[in-house]
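Student: Take a look at query.txt, compact mmCIF, C-alpha atoms:
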# COMPACT_ATOMS: atom_id res chain seq x y z
CA MET F 1 -145.78 326.80 -171.96
CA ASN F 2 -143.13 328.56 -174.03
CA ARG F 3 -142.62 328.05 -177.73
CA LYS F 4 -139.69 325.63 -177.28
CA MET F 5 -141.74 323.33 -175.05
CA GLU F 6 -144.67 323.52 -177.47
CA ILE F 7 -142.38 322.37 -180.27
CA LEU F 8 -141.02 319.46 -178.24
CA ALA F 9 -144.49 318.42 -177.10
CA GLY F 10 -145.69 318.60 -180.68
CA LEU F 11 -142.84 316.42 -181.89
CA ILE F 12 -143.67 313.76 -179.30
CA ILE F 13 -147.33 313.78 -180.33
CA MET F 14 -146.38 313.66 -184.01
CA SER F 15 -144.14 310.67 -183.50
CA LEU F 16 -147.10 308.81 -181.98
CA VAL F 17 -149.74 309.68 -184.54
CA LEU F 18 -147.48 310.19 -187.57
CA LEU F 19 -148.64 313.69 -188.25
CA PRO F 20 -146.19 316.20 -189.76
CA ALA F 21 -145.34 319.51 -188.09
CA ALA F 22 -143.70 322.76 -189.21
CA CYS F 23 -144.18 326.39 -190.32
CA GLY F 24 -146.04 327.49 -189.13
CA GLY F 25 -122.74 339.42 -166.16
CA GLY F 26 -122.00 341.84 -165.88
CA GLY F 27 -123.42 344.44 -163.69
CA GLY F 28 -127.02 343.91 -162.70
CA GLY F 29 -126.37 343.01 -159.07
CA GLY F 30 -128.78 341.00 -156.95
CA GLY F 31 -132.51 341.54 -156.75
CA GLN F 32 -134.30 343.50 -159.44
CA PRO F 33 -132.56 345.55 -162.16
CA THR F 34 -130.98 348.62 -160.60
CA GLN F 35 -131.99 352.04 -161.89
CA THR F 36 -128.68 353.83 -161.81
CA ALA F 37 -128.51 355.99 -164.90
CA THR F 38 -130.48 357.69 -167.63
CA ALA F 39 -130.46 356.49 -171.21
CA HIS F 40 -129.70 359.04 -173.92
CA PRO F 41 -132.07 359.35 -176.88
CA THR F 42 -130.34 360.42 -180.06
CA LYS F 43 -133.17 362.14 -181.91
CA THR F 44 -136.70 363.31 -181.28
CA GLY F 45 -138.54 361.95 -184.30
CA GLN F 46 -138.67 359.26 -186.96
CA PRO F 47 -137.96 359.81 -190.66
CA ALA F 48 -141.16 360.23 -192.63
CA GLN F 49 -140.63 356.91 -194.42
CA SER F 50 -140.47 354.80 -191.25
CA LYS F 51 -143.16 352.13 -190.91
CA ILE F 52 -144.15 349.73 -188.16
CA MET F 53 -145.50 346.31 -189.10
CA PHE F 54 -147.58 344.43 -186.54
CA LEU F 55 -150.15 341.66 -186.06
CA SER F 56 -153.76 342.34 -185.15
CA ASP F 57 -156.75 340.24 -184.11
CA ARG F 58 -159.27 342.81 -185.35
CA TRP F 59 -161.02 340.12 -187.35
CA MET F 60 -160.52 337.29 -184.87
CA GLU F 61 -164.26 336.72 -184.60
CA LEU F 62 -163.90 335.29 -188.11
CA GLY F 63 -160.81 333.31 -187.12
CA ALA F 64 -158.28 335.73 -188.58
CA ARG F 65 -155.05 337.25 -187.31
CA GLU F 66 -153.60 339.52 -189.99
CA VAL F 67 -150.57 341.64 -190.81
CA TYR F 68 -150.88 345.43 -190.62
CA VAL F 69 -148.54 348.32 -191.39
CA MET F 70 -148.72 351.89 -190.08
CA ASP F 71 -146.65 355.05 -190.07
CA ALA F 72 -144.33 355.54 -187.09
CA ASN F 73 -146.83 357.97 -185.52
CA GLY F 74 -149.71 355.44 -185.76
CA SER F 75 -151.40 356.96 -188.78
CA ASN F 76 -152.36 355.19 -192.01
CA GLN F 77 -152.96 351.77 -190.45
CA LYS F 78 -153.51 349.25 -193.23
CA ASN F 79 -154.34 345.55 -193.29
CA ILE F 80 -151.87 344.30 -195.89
CA THR F 81 -152.64 340.57 -195.83
CA ASN F 82 -156.40 341.26 -196.13
CA ASP F 83 -157.36 337.73 -197.19
CA GLY F 84 -161.08 337.99 -196.52
CA HIS F 85 -160.50 337.70 -192.77
CA GLN F 86 -160.73 333.92 -192.98
CA TYR F 87 -157.23 332.77 -192.08
CA ARG F 88 -154.47 333.28 -189.56
CA ASP F 89 -151.34 335.06 -190.81
CA TRP F 90 -148.30 335.30 -188.53
CA ALA F 91 -144.51 335.66 -188.27
CA PRO F 92 -144.10 338.57 -190.73
CA VAL F 93 -140.52 339.67 -191.42
CA TRP F 94 -139.27 342.62 -193.50
CA SER F 95 -136.74 341.93 -196.24
CA PRO F 96 -133.43 343.74 -195.64
CA ASP F 97 -134.27 346.52 -198.10
CA GLY F 98 -137.84 346.88 -196.84
CA SER F 99 -139.40 346.15 -200.23
CA LYS F 100 -140.92 342.77 -199.34
CA ILE F 101 -142.36 340.88 -196.39
CA ALA F 102 -142.22 337.14 -195.75
CA PHE F 103 -144.87 335.62 -193.49
CA CYS F 104 -146.66 332.40 -192.58
CA SER F 105 -150.33 331.67 -193.26
CA TYR F 106 -152.88 328.88 -192.88
CA ARG F 107 -154.52 329.63 -196.23
CA LEU F 108 -153.59 326.44 -198.13
CA GLY F 109 -152.53 324.43 -195.16
CA TYR F 110 -149.51 325.94 -193.50
CA GLY F 111 -147.29 327.87 -195.85
CA ILE F 112 -144.68 330.57 -196.25
CA TYR F 113 -145.65 333.58 -198.34
CA VAL F 114 -143.83 336.59 -199.74
CA MET F 115 -145.53 339.87 -200.68
CA ASN F 116 -144.58 343.42 -201.57
CA ALA F 117 -144.40 345.82 -198.63
CA ASP F 118 -147.80 347.28 -199.58
CA GLY F 119 -149.43 343.83 -199.49
CA SER F 120 -149.60 343.33 -203.24
CA GLN F 121 -148.49 340.22 -205.14
CA GLN F 122 -148.86 337.73 -202.29
CA LEU F 123 -147.14 334.53 -203.39
CA ASN F 124 -147.16 331.17 -201.62
CA ILE F 125 -143.54 330.10 -202.02
CA LYS F 126 -143.53 327.05 -199.75
CA VAL F 127 -146.34 324.75 -198.54
CA VAL F 128 -145.46 322.93 -195.34
CA THR F 129 -147.45 321.31 -192.56
CA GLY F 130 -147.43 322.49 -188.98
CA GLU F 131 -146.49 325.63 -187.10
CA ASN F 132 -143.64 327.47 -185.32
CA ASP F 133 -141.95 328.31 -188.60
CA ILE F 134 -140.59 331.88 -188.59
CA PRO F 135 -138.87 332.77 -191.87
CA THR F 136 -135.61 334.72 -191.82
CA TRP F 137 -134.14 336.69 -194.74
CA SER F 138 -130.48 336.57 -195.72
CA GLY F 139 -128.67 339.90 -195.60
CA ASP F 140 -128.87 340.39 -199.35
CA GLY F 141 -132.53 339.34 -199.54
CA SER F 142 -131.86 336.45 -201.91
CA LYS F 143 -132.47 333.57 -199.45
CA ILE F 144 -134.97 332.62 -196.75
CA ILE F 145 -134.21 330.25 -193.88
CA PHE F 146 -137.01 328.51 -191.99
CA PRO F 147 -137.32 325.81 -189.29
CA TYR F 148 -139.08 322.65 -190.43
CA TYR F 149 -140.45 319.75 -188.36
CA GLU F 150 -141.94 316.63 -189.93
CA ASN F 151 -141.60 313.34 -188.09
CA THR F 152 -137.82 312.77 -188.09
CA THR F 153 -137.13 315.47 -190.70
CA ASN F 154 -136.22 318.32 -188.40
CA GLY F 155 -133.88 321.24 -188.91
CA LEU F 156 -133.23 324.55 -190.56
CA PHE F 157 -133.89 324.70 -194.29
CA MET F 158 -132.87 327.31 -196.85
CA MET F 159 -134.52 328.33 -200.10
CA ASN F 160 -134.29 331.09 -202.65
CA ALA F 161 -136.62 334.02 -202.02
CA ASP F 162 -138.93 332.71 -204.76
CA GLY F 163 -139.24 329.31 -203.06
CA THR F 164 -136.89 327.38 -205.34
CA ASN F 165 -133.83 325.32 -204.37
CA VAL F 166 -135.04 324.16 -200.95
CA HIS F 167 -132.29 322.36 -199.07
CA ARG F 168 -131.52 321.31 -195.52
CA LEU F 169 -128.85 323.03 -193.41
CA THR F 170 -129.17 321.32 -190.00
CA SER F 171 -130.61 318.05 -188.74
CA SER F 172 -131.98 318.65 -185.26
CA VAL F 173 -134.78 320.72 -183.70
CA ASP F 174 -133.23 324.08 -184.56
CA LEU F 175 -134.96 327.45 -184.67
CA GLU F 176 -134.56 331.23 -184.30
CA PRO F 177 -131.88 331.65 -186.99
CA GLU F 178 -130.30 335.08 -187.39
CA TYR F 179 -127.68 336.17 -189.91
CA SER F 180 -124.61 338.02 -188.71
CA PRO F 181 -124.48 341.66 -189.86
CA ASP F 182 -121.97 340.83 -192.61
CA GLY F 183 -124.07 337.85 -193.76
CA SER F 184 -121.28 335.32 -193.39
CA LYS F 185 -122.61 333.44 -190.33
CA ILE F 186 -125.93 332.24 -188.93
CA ALA F 187 -126.57 331.99 -185.20
CA TYR F 188 -129.46 329.84 -184.08
CA THR F 189 -131.02 327.98 -181.16
CA SER F 190 -130.27 324.25 -181.35
CA PHE F 191 -131.61 321.19 -179.54
CA ALA F 192 -128.88 318.91 -180.94
CA ASP F 193 -127.86 317.43 -177.58
CA ASN F 194 -131.34 317.33 -175.98
CA LYS F 195 -130.73 320.70 -174.36
CA TYR F 196 -131.24 324.09 -175.93
CA GLY F 197 -128.09 326.05 -176.67
CA ILE F 198 -126.70 328.62 -179.08
CA ALA F 199 -124.96 327.39 -182.23
CA VAL F 200 -123.40 329.12 -185.21
CA MET F 201 -122.63 328.04 -188.77
CA ASN F 202 -121.44 329.51 -192.03
CA ALA F 203 -124.11 330.95 -194.30
CA ASP F 204 -124.04 327.84 -196.49
CA GLY F 205 -124.62 325.52 -193.50
CA SER F 206 -121.02 324.37 -193.14
CA GLY F 207 -118.86 324.74 -190.04
CA GLN F 208 -121.64 324.10 -187.51
CA LYS F 209 -120.39 324.76 -183.98
CA ARG F 210 -122.13 324.70 -180.63
CA LEU F 211 -121.28 327.84 -178.62
CA SER F 212 -123.31 327.22 -175.46
CA SER F 213 -125.34 324.46 -173.84
CA GLY F 214 -127.05 325.90 -170.82
CA SER F 215 -130.74 326.05 -171.77
CA ASP F 216 -129.92 329.05 -173.96
CA GLU F 217 -132.05 330.61 -176.68
CA LEU F 218 -132.84 333.72 -178.76
CA PRO F 219 -129.37 334.64 -180.09
CA ARG F 220 -129.04 338.24 -181.23
CA TRP F 221 -125.93 339.57 -182.99
CA SER F 222 -124.49 342.92 -181.97
CA PRO F 223 -124.60 345.46 -184.82
CA ASP F 224 -120.85 345.06 -185.42
CA GLY F 225 -121.03 341.25 -185.32
CA SER F 226 -118.48 340.87 -182.52
CA LYS F 227 -120.93 339.75 -179.79
CA ILE F 228 -124.02 337.59 -179.39
CA ALA F 229 -126.57 338.35 -176.68
CA PHE F 230 -128.97 335.61 -175.66
CA VAL F 231 -131.45 334.48 -173.01
CA SER F 232 -130.61 331.59 -170.69
CA THR F 233 -132.37 329.66 -167.93
CA ARG F 234 -129.15 327.94 -166.85
CA ASP F 235 -129.47 329.62 -163.45
CA GLY F 236 -133.10 328.66 -162.88
CA ASN F 237 -134.92 331.58 -164.50
CA SER F 238 -134.53 333.58 -167.69
CA GLU F 239 -131.55 335.94 -167.63
CA ILE F 240 -129.71 337.86 -170.33
CA TYR F 241 -126.17 336.88 -171.24
CA ILE F 242 -123.60 338.09 -173.73
CA MET F 243 -120.63 336.34 -175.31
CA ASP F 244 -118.02 336.86 -178.00
CA ALA F 245 -119.06 335.68 -181.46
CA ASP F 246 -116.89 332.58 -181.07
CA GLY F 247 -118.64 331.58 -177.83
CA THR F 248 -115.93 332.73 -175.42
CA ASP F 249 -116.27 335.15 -172.50
CA GLN F 250 -119.88 334.34 -171.61
CA VAL F 251 -121.10 336.96 -169.13
CA ARG F 252 -124.42 337.23 -167.30
CA LEU F 253 -125.85 340.75 -167.58
CA THR F 254 -128.99 340.53 -165.46
CA ILE F 255 -129.15 338.96 -161.99
CA ASN F 256 -132.65 338.52 -160.58
CA ASN F 257 -134.98 335.93 -159.14
CA PHE F 258 -137.41 336.84 -161.90
CA ASP F 259 -137.38 336.46 -165.67
CA ASP F 260 -135.44 338.86 -167.92
CA LYS F 261 -136.08 338.28 -171.61
CA GLN F 262 -137.03 339.74 -175.04
CA LEU F 263 -133.81 341.60 -175.79
CA ASP F 264 -133.00 343.95 -178.66
CA TRP F 265 -129.75 345.82 -179.44
CA SER F 266 -129.65 349.55 -180.01
CA PRO F 267 -128.53 350.29 -183.59
CA ASP F 268 -125.21 351.74 -182.39
CA GLY F 269 -124.52 348.65 -180.25
CA SER F 270 -124.13 350.58 -177.00
CA LYS F 271 -127.32 349.43 -175.23
CA ILE F 272 -129.74 346.53 -174.91
CA VAL F 273 -133.45 346.96 -174.30
CA PHE F 274 -135.15 344.07 -172.55
CA VAL F 275 -138.18 342.97 -170.55
CA SER F 276 -137.96 342.21 -166.82
CA GLU F 277 -140.55 340.72 -164.49
CA SER F 278 -138.62 341.84 -161.41
CA VAL F 279 -141.41 344.15 -160.21
CA GLY F 280 -144.14 341.52 -160.47
CA ASN F 281 -145.19 342.15 -164.06
CA SER F 282 -143.39 342.66 -167.36
CA GLU F 283 -141.78 346.09 -167.79
CA VAL F 284 -139.34 347.47 -170.36
CA TRP F 285 -135.79 348.25 -169.23
CA VAL F 286 -132.59 349.33 -170.93
CA MET F 287 -128.94 348.76 -169.97
CA ASP F 288 -125.42 349.18 -171.25
CA THR F 289 -124.02 346.11 -173.01
CA ASP F 290 -121.87 345.22 -169.99
CA GLY F 291 -125.00 345.06 -167.80
CA THR F 292 -124.46 348.37 -166.04
CA ASN F 293 -126.73 351.42 -165.91
CA GLN F 294 -129.97 349.42 -165.88
CA LEU F 295 -132.90 351.81 -166.25
CA ARG F 296 -136.59 351.04 -166.03
CA LEU F 297 -138.53 352.73 -168.85
CA THR F 298 -142.17 351.76 -168.22
CA TYR F 299 -144.20 351.95 -165.02
CA ASN F 300 -147.56 350.16 -165.07
CA ASN F 301 -149.44 347.50 -163.16
CA ALA F 302 -150.10 345.80 -166.50
CA ASP F 303 -147.54 344.13 -168.75
CA ASP F 304 -145.29 346.11 -171.08
CA ASP F 305 -143.18 343.95 -173.39
CA GLN F 306 -142.04 343.15 -176.97
CA PRO F 307 -139.64 346.14 -177.25
CA ALA F 308 -138.17 346.94 -180.68
CA TRP F 309 -135.56 349.63 -181.31
CA SER F 310 -136.10 351.92 -184.30
CA PRO F 311 -133.36 351.82 -186.98
CA ASP F 312 -132.28 355.41 -186.26
CA GLY F 313 -131.97 354.70 -182.53
CA SER F 314 -134.36 357.40 -181.37
CA THR F 315 -137.46 355.40 -180.46
CA ILE F 316 -138.55 352.12 -178.93
CA ALA F 317 -141.82 350.49 -179.98
CA PHE F 318 -143.42 348.13 -177.47
CA VAL F 319 -146.68 346.47 -176.49
CA SER F 320 -148.65 347.49 -173.40
CA GLU F 321 -151.75 346.09 -171.71
CA ARG F 322 -152.28 349.23 -169.60
CA ASP F 323 -155.53 349.90 -171.45
CA GLY F 324 -156.97 346.44 -170.84
CA ASN F 325 -155.65 344.62 -173.91
CA PRO F 326 -152.35 344.58 -175.83
CA GLU F 327 -151.78 347.76 -177.84
CA ILE F 328 -148.72 349.19 -179.59
CA TYR F 329 -146.90 352.16 -178.11
CA THR F 330 -143.72 354.07 -178.84
CA MET F 331 -141.46 356.02 -176.48
CA ASN F 332 -138.15 357.83 -176.49
CA THR F 333 -135.20 355.71 -175.42
CA ASP F 334 -135.20 357.33 -171.97
CA GLY F 335 -138.85 356.26 -171.45
CA SER F 336 -140.36 359.67 -172.08
CA ASN F 337 -143.16 360.51 -174.52
CA GLN F 338 -144.99 357.17 -174.30
CA THR F 339 -147.59 357.29 -177.06
CA ARG F 340 -150.33 354.83 -177.91
CA LEU F 341 -150.46 354.03 -181.64
CA SER F 342 -153.22 351.41 -181.87
CA ALA F 343 -156.63 351.50 -180.22
CA ASN F 344 -158.76 348.37 -180.42
CA LEU F 345 -160.48 345.95 -178.09
CA VAL F 346 -158.32 343.08 -179.38
CA TYR F 347 -154.66 342.11 -179.61
CA ASP F 348 -152.26 344.38 -181.51
CA GLY F 349 -148.66 343.25 -181.07
CA GLU F 350 -145.27 342.11 -182.33
CA PRO F 351 -144.17 345.48 -183.72
CA GLN F 352 -141.32 345.54 -186.26
CA TRP F 353 -139.74 348.65 -187.73
CA SER F 354 -139.12 348.84 -191.45
CA PRO F 355 -135.39 348.84 -192.34
Any chance you could put this one into structure tokens?

Tutor:
Amino acid sequence: MNRKMEILAGLIIMSLVLLPAACGGGGGGGGQPTQTATAHPTKTGQPAQSKIMFLSDRWMELGAREVYVMDANGSNQKNITNDGHQYRDWAPVWSPDGSKIAFCSYRLGYGIYVMNADGSQQLNIKVVTGENDIPTWSGDGSKIIFPYYENTTNGLFMMNADGTNVHRLTSSVDLEPEYSPDGSKIAYTSFADNKYGIAVMNADGSGQKRLSSGSDELPRWSPDGSKIAFVSTRDGNSEIYIMDADGTDQVRLTINNFDDKQLDWSPDGSKIVFVSESVGNSEVWVMDTDGTNQLRLTYNNADDDQPAWSPDGSTIAFVSERDGNPEIYTMNTDGSNQTRLSANLVYDGEPQWSP
């Protein structure tokens, strides 16, 4: 069951028992993605200051999932939420300047926390009840948006980064908000008409407009803000689409009988990395933004997924189960130099590069 269906099922259950809930084409052609070209890495290494944040179950025997940070080469791995290994922490997100991290935790019931990037000064800025609440920073780092679900009080809410001035922006089951690069707009997944679609609004919540209504989700702005890529099941399985920022010119980029998902833009806006199940398991692919030149990057019988492009465009972090459990790897953008960064007998996943 995917996260959207979990939310809907949870809302139905909550309405019955009165419990609150929150926080928590282009050119693919038929068949599988076509390997027709080679991607072009821009550099060979990461700046010394680059960090990768991730989640780990290293203390799951005590019930804990915690937030870790490491250098881009896998060294200096540090548990930064280190709360006595008693609670589950999840959904960490870097602030735009990389100085702070927002995340969710079960510590005092479900809540949203903010801490310094080194894990110090952890502050509970919002206590809510439930799950599925992924905080999102505004471009200037002054605001945080989060989905909230409590009986009939559903929608996207905004607050200051210190937890003050909480107010409601939308009034349906809305999630996955993302600010446009210039900070003026917010794209999000909306369930306003009982079907998931992509919507957009001004940063203050005004001017809400539905852009698509075809079982669409996971909107991702292009780096220049002119396009929005998203995942849709309108054709029966998950495929990647792209459209203009106003919702026009919707084009399907991948064409398969299998799921294509988990997209991320290259920093220069010329390519999209994504996950395809076209070979029977999840593998990482890359393509041009018009859907052409689709290139498979990973080759394993186990799943490779959760790709994340480094800010300088030289490296892709991803998660692989080739060693028996999910571990974090990096590779060049042409698929070469695949390097394992974490080594545990438990889950390490959801890598995010520091800004």

Student: Which residues are near Ile125 in chain F? Cut-off 7 Å, all atoms listed in the file, ignore same chain within fewer than 6 positions. Put them as a JSON list (two decimals) with C-alpha atoms, keeping the file's coordinate frame.

Tutor:
[["chain", "number", "residue", "atom", "x", "y", "z"],
["F", 112, "ILE", "CA", -144.68, 330.57, -196.25],
["F", 113, "TYR", "CA", -145.65, 333.58, -198.34],
["F", 114, "VAL", "CA", -143.83, 336.59, -199.74],
["F", 162, "ASP", "CA", -138.93, 332.71, -204.76],
["F", 163, "GLY", "CA", -139.24, 329.31, -203.06]]

Student: Residues near Met159 in chain F, anyone? I mean within 12 Å using all atoms listed in the file, not counting same-chain ones fewer than 6 positions away, as a ChimeraX atom specification.

Tutor: /F:112,125-126,135-138,141-147,165-169,204

Student: Could you write those residues out with C-alpha atoms, as a PDB file, keeping the file's coordinate frame?

Tutor:
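Output saved as selection-v4.pdb:
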ATOM      1  CA  ILE F 112    -144.680 330.570-196.250  1.00  0.00           C
ATOM      2  CA  ILE F 125    -143.540 330.100-202.020  1.00  0.00           C
ATOM      3  CA  LYS F 126    -143.530 327.050-199.750  1.00  0.00           C
ATOM      4  CA  PRO F 135    -138.870 332.770-191.870  1.00  0.00           C
ATOM      5  CA  THR F 136    -135.610 334.720-191.820  1.00  0.00           C
ATOM      6  CA  TRP F 137    -134.140 336.690-194.740  1.00  0.00           C
ATOM      7  CA  SER F 138    -130.480 336.570-195.720  1.00  0.00           C
ATOM      8  CA  GLY F 141    -132.530 339.340-199.540  1.00  0.00           C
ATOM      9  CA  SER F 142    -131.860 336.450-201.910  1.00  0.00           C
ATOM     10  CA  LYS F 143    -132.470 333.570-199.450  1.00  0.00           C
ATOM     11  CA  ILE F 144    -134.970 332.620-196.750  1.00  0.00           C
ATOM     12  CA  ILE F 145    -134.210 330.250-193.880  1.00  0.00           C
ATOM     13  CA  PHE F 146    -137.010 328.510-191.990  1.00  0.00           C
ATOM     14  CA  PRO F 147    -137.320 325.810-189.290  1.00  0.00           C
ATOM     15  CA  ASN F 165    -133.830 325.320-204.370  1.00  0.00           C
ATOM     16  CA  VAL F 166    -135.040 324.160-200.950  1.00  0.00           C
ATOM     17  CA  HIS F 167    -132.290 322.360-199.070  1.00  0.00           C
ATOM     18  CA  ARG F 168    -131.520 321.310-195.520  1.00  0.00           C
ATOM     19  CA  LEU F 169    -128.850 323.030-193.410  1.00  0.00           C
ATOM     20  CA  ASP F 204    -124.040 327.840-196.490  1.00  0.00           C
TER      21      ASP F 204
END

Student: I'd like the neighbourhood of range 54-58 of chain F as a short mmCIF file (atom, residue, chain, number, x, y, z; two decimals) with C-alpha atoms, in the coordinates of the input, where a residue qualifies if any of its atoms comes within 10 Å (using all atoms listed in the file), though same-chain residues fewer than 3 positions away should be ignored.

Tutor:
data_model
loop_
_atom_site.label_atom_id
_atom_site.label_comp_id
_atom_site.auth_asym_id
_atom_site.auth_seq_id
_atom_site.Cartn_x
_atom_site.Cartn_y
_atom_site.Cartn_z
CA LYS F 51 -143.16 352.13 -190.91
CA GLU F 61 -164.26 336.72 -184.60
CA LEU F 62 -163.90 335.29 -188.11
CA GLY F 63 -160.81 333.31 -187.12
CA ALA F 64 -158.28 335.73 -188.58
CA ARG F 65 -155.05 337.25 -187.31
CA GLU F 66 -153.60 339.52 -189.99
CA VAL F 67 -150.57 341.64 -190.81
CA TYR F 68 -150.88 345.43 -190.62
CA VAL F 69 -148.54 348.32 -191.39
CA MET F 70 -148.72 351.89 -190.08
CA GLN F 77 -152.96 351.77 -190.45
CA ASN F 79 -154.34 345.55 -193.29
CA HIS F 85 -160.50 337.70 -192.77
CA ARG F 88 -154.47 333.28 -189.56
CA ASP F 89 -151.34 335.06 -190.81
CA TRP F 90 -148.30 335.30 -188.53
CA ALA F 91 -144.51 335.66 -188.27
CA PRO F 92 -144.10 338.57 -190.73
CA VAL F 93 -140.52 339.67 -191.42
CA PRO F 326 -152.35 344.58 -175.83
CA GLU F 327 -151.78 347.76 -177.84
CA ILE F 328 -148.72 349.19 -179.59
CA SER F 342 -153.22 351.41 -181.87
CA ASN F 344 -158.76 348.37 -180.42
CA LEU F 345 -160.48 345.95 -178.09
CA VAL F 346 -158.32 343.08 -179.38
CA TYR F 347 -154.66 342.11 -179.61
CA ASP F 348 -152.26 344.38 -181.51
CA GLY F 349 -148.66 343.25 -181.07
CA GLU F 350 -145.27 342.11 -182.33
CA PRO F 351 -144.17 345.48 -183.72
CA GLN F 352 -141.32 345.54 -186.26
CA TRP F 353 -139.74 348.65 -187.73
#

Student: Figure out the distance between CA of Leu175 in chain F and CA of Pro223 in chain F, please, to one decimal in Å.

Tutor: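 Computing it gives 20.8 Å between the two atoms.
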
Student: CA of Val200 in chain F and CA of Asn160 in chain F, how far apart in Å?

Tutor: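 The value is 20.7 Å.
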
Student: (-143.2, 356.0, -174.0) in this file's frame - what residues fall within 10 Å of it? Use all atoms listed in the file and give the answer as a ChimeraX atom specification.

Tutor: /F:297-299,315-318,329-340

Student: Pick out the closest residue to Gly280 in chain F from this set: F:Asn124, F:Asn300, F:Ser180, F:Thr164. Count only C-alpha atoms.

Tutor: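 Once distances to Gly280 in chain F are computed over only C-alpha atoms, the minimum belongs to F:Asn300.
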
Student: Interatomic distance between CA of Glu176 in chain F and CA of Ser120 in chain F?

Tutor: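 Computed distance, CA of Glu176 in chain F to CA of Ser120 in chain F, equals 27.0 Å.
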
Student: Pick out the closest residue to Trp221 in chain F from this set: F:Asn116, F:Ser354, F:Ser310, F:Ser266. Count all atoms listed in the file.

Tutor: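 Of all the options, F:Ser266 lies closest to Trp221 in chain F.
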
Student: Hey, can you pull every residue with an atom no more than 12 Å from (-152.2, 353.4, -164.2), using only C-alpha atoms, and send it as a list of chain:residue names?

Tutor: F:Thr298, F:Tyr299, F:Asn300, F:Asn301, F:Ala302, F:Asp303, F:Ser320, F:Glu321, F:Arg322, F:Asp323, F:Gly324

Student: List as a PDB file with C-alpha atoms, keeping the file's coordinate frame the protein and nucleic acid residues near Ala199 in chain F, meaning an atom at most 8 Å away when all atoms listed in the file are counted, but skip any in the same chain fewer than 3 places from it.

Tutor:
ATOM      1  CA  ALA F 187    -126.570 331.990-185.200  1.00  0.00           C
ATOM      2  CA  TYR F 188    -129.460 329.840-184.080  1.00  0.00           C
ATOM      3  CA  THR F 189    -131.020 327.980-181.160  1.00  0.00           C
ATOM      4  CA  SER F 190    -130.270 324.250-181.350  1.00  0.00           C
ATOM      5  CA  GLN F 208    -121.640 324.100-187.510  1.00  0.00           C
ATOM      6  CA  LYS F 209    -120.390 324.760-183.980  1.00  0.00           C
ATOM      7  CA  ARG F 210    -122.130 324.700-180.630  1.00  0.00           C
ATOM      8  CA  LEU F 211    -121.280 327.840-178.620  1.00  0.00           C
ATOM      9  CA  SER F 212    -123.310 327.220-175.460  1.00  0.00           C
TER      10      SER F 212
END

Student: Any idea what's packed within 7 Å of Gln250 in chain F, counting all atoms listed in the file, ignoring anything in its chain fewer than 5 positions away? Could you give it as a ChimeraX atom specification?

Tutor: /F:241-243

Student: Could you tell me which of F:Asp264, F:Asp235, F:Asp216, F:Asp246 comes closest to Ile186 in chain F if we count all atoms listed in the file?

Tutor: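 Closest to Ile186 in chain F, using all atoms listed in the file: F:Asp246.
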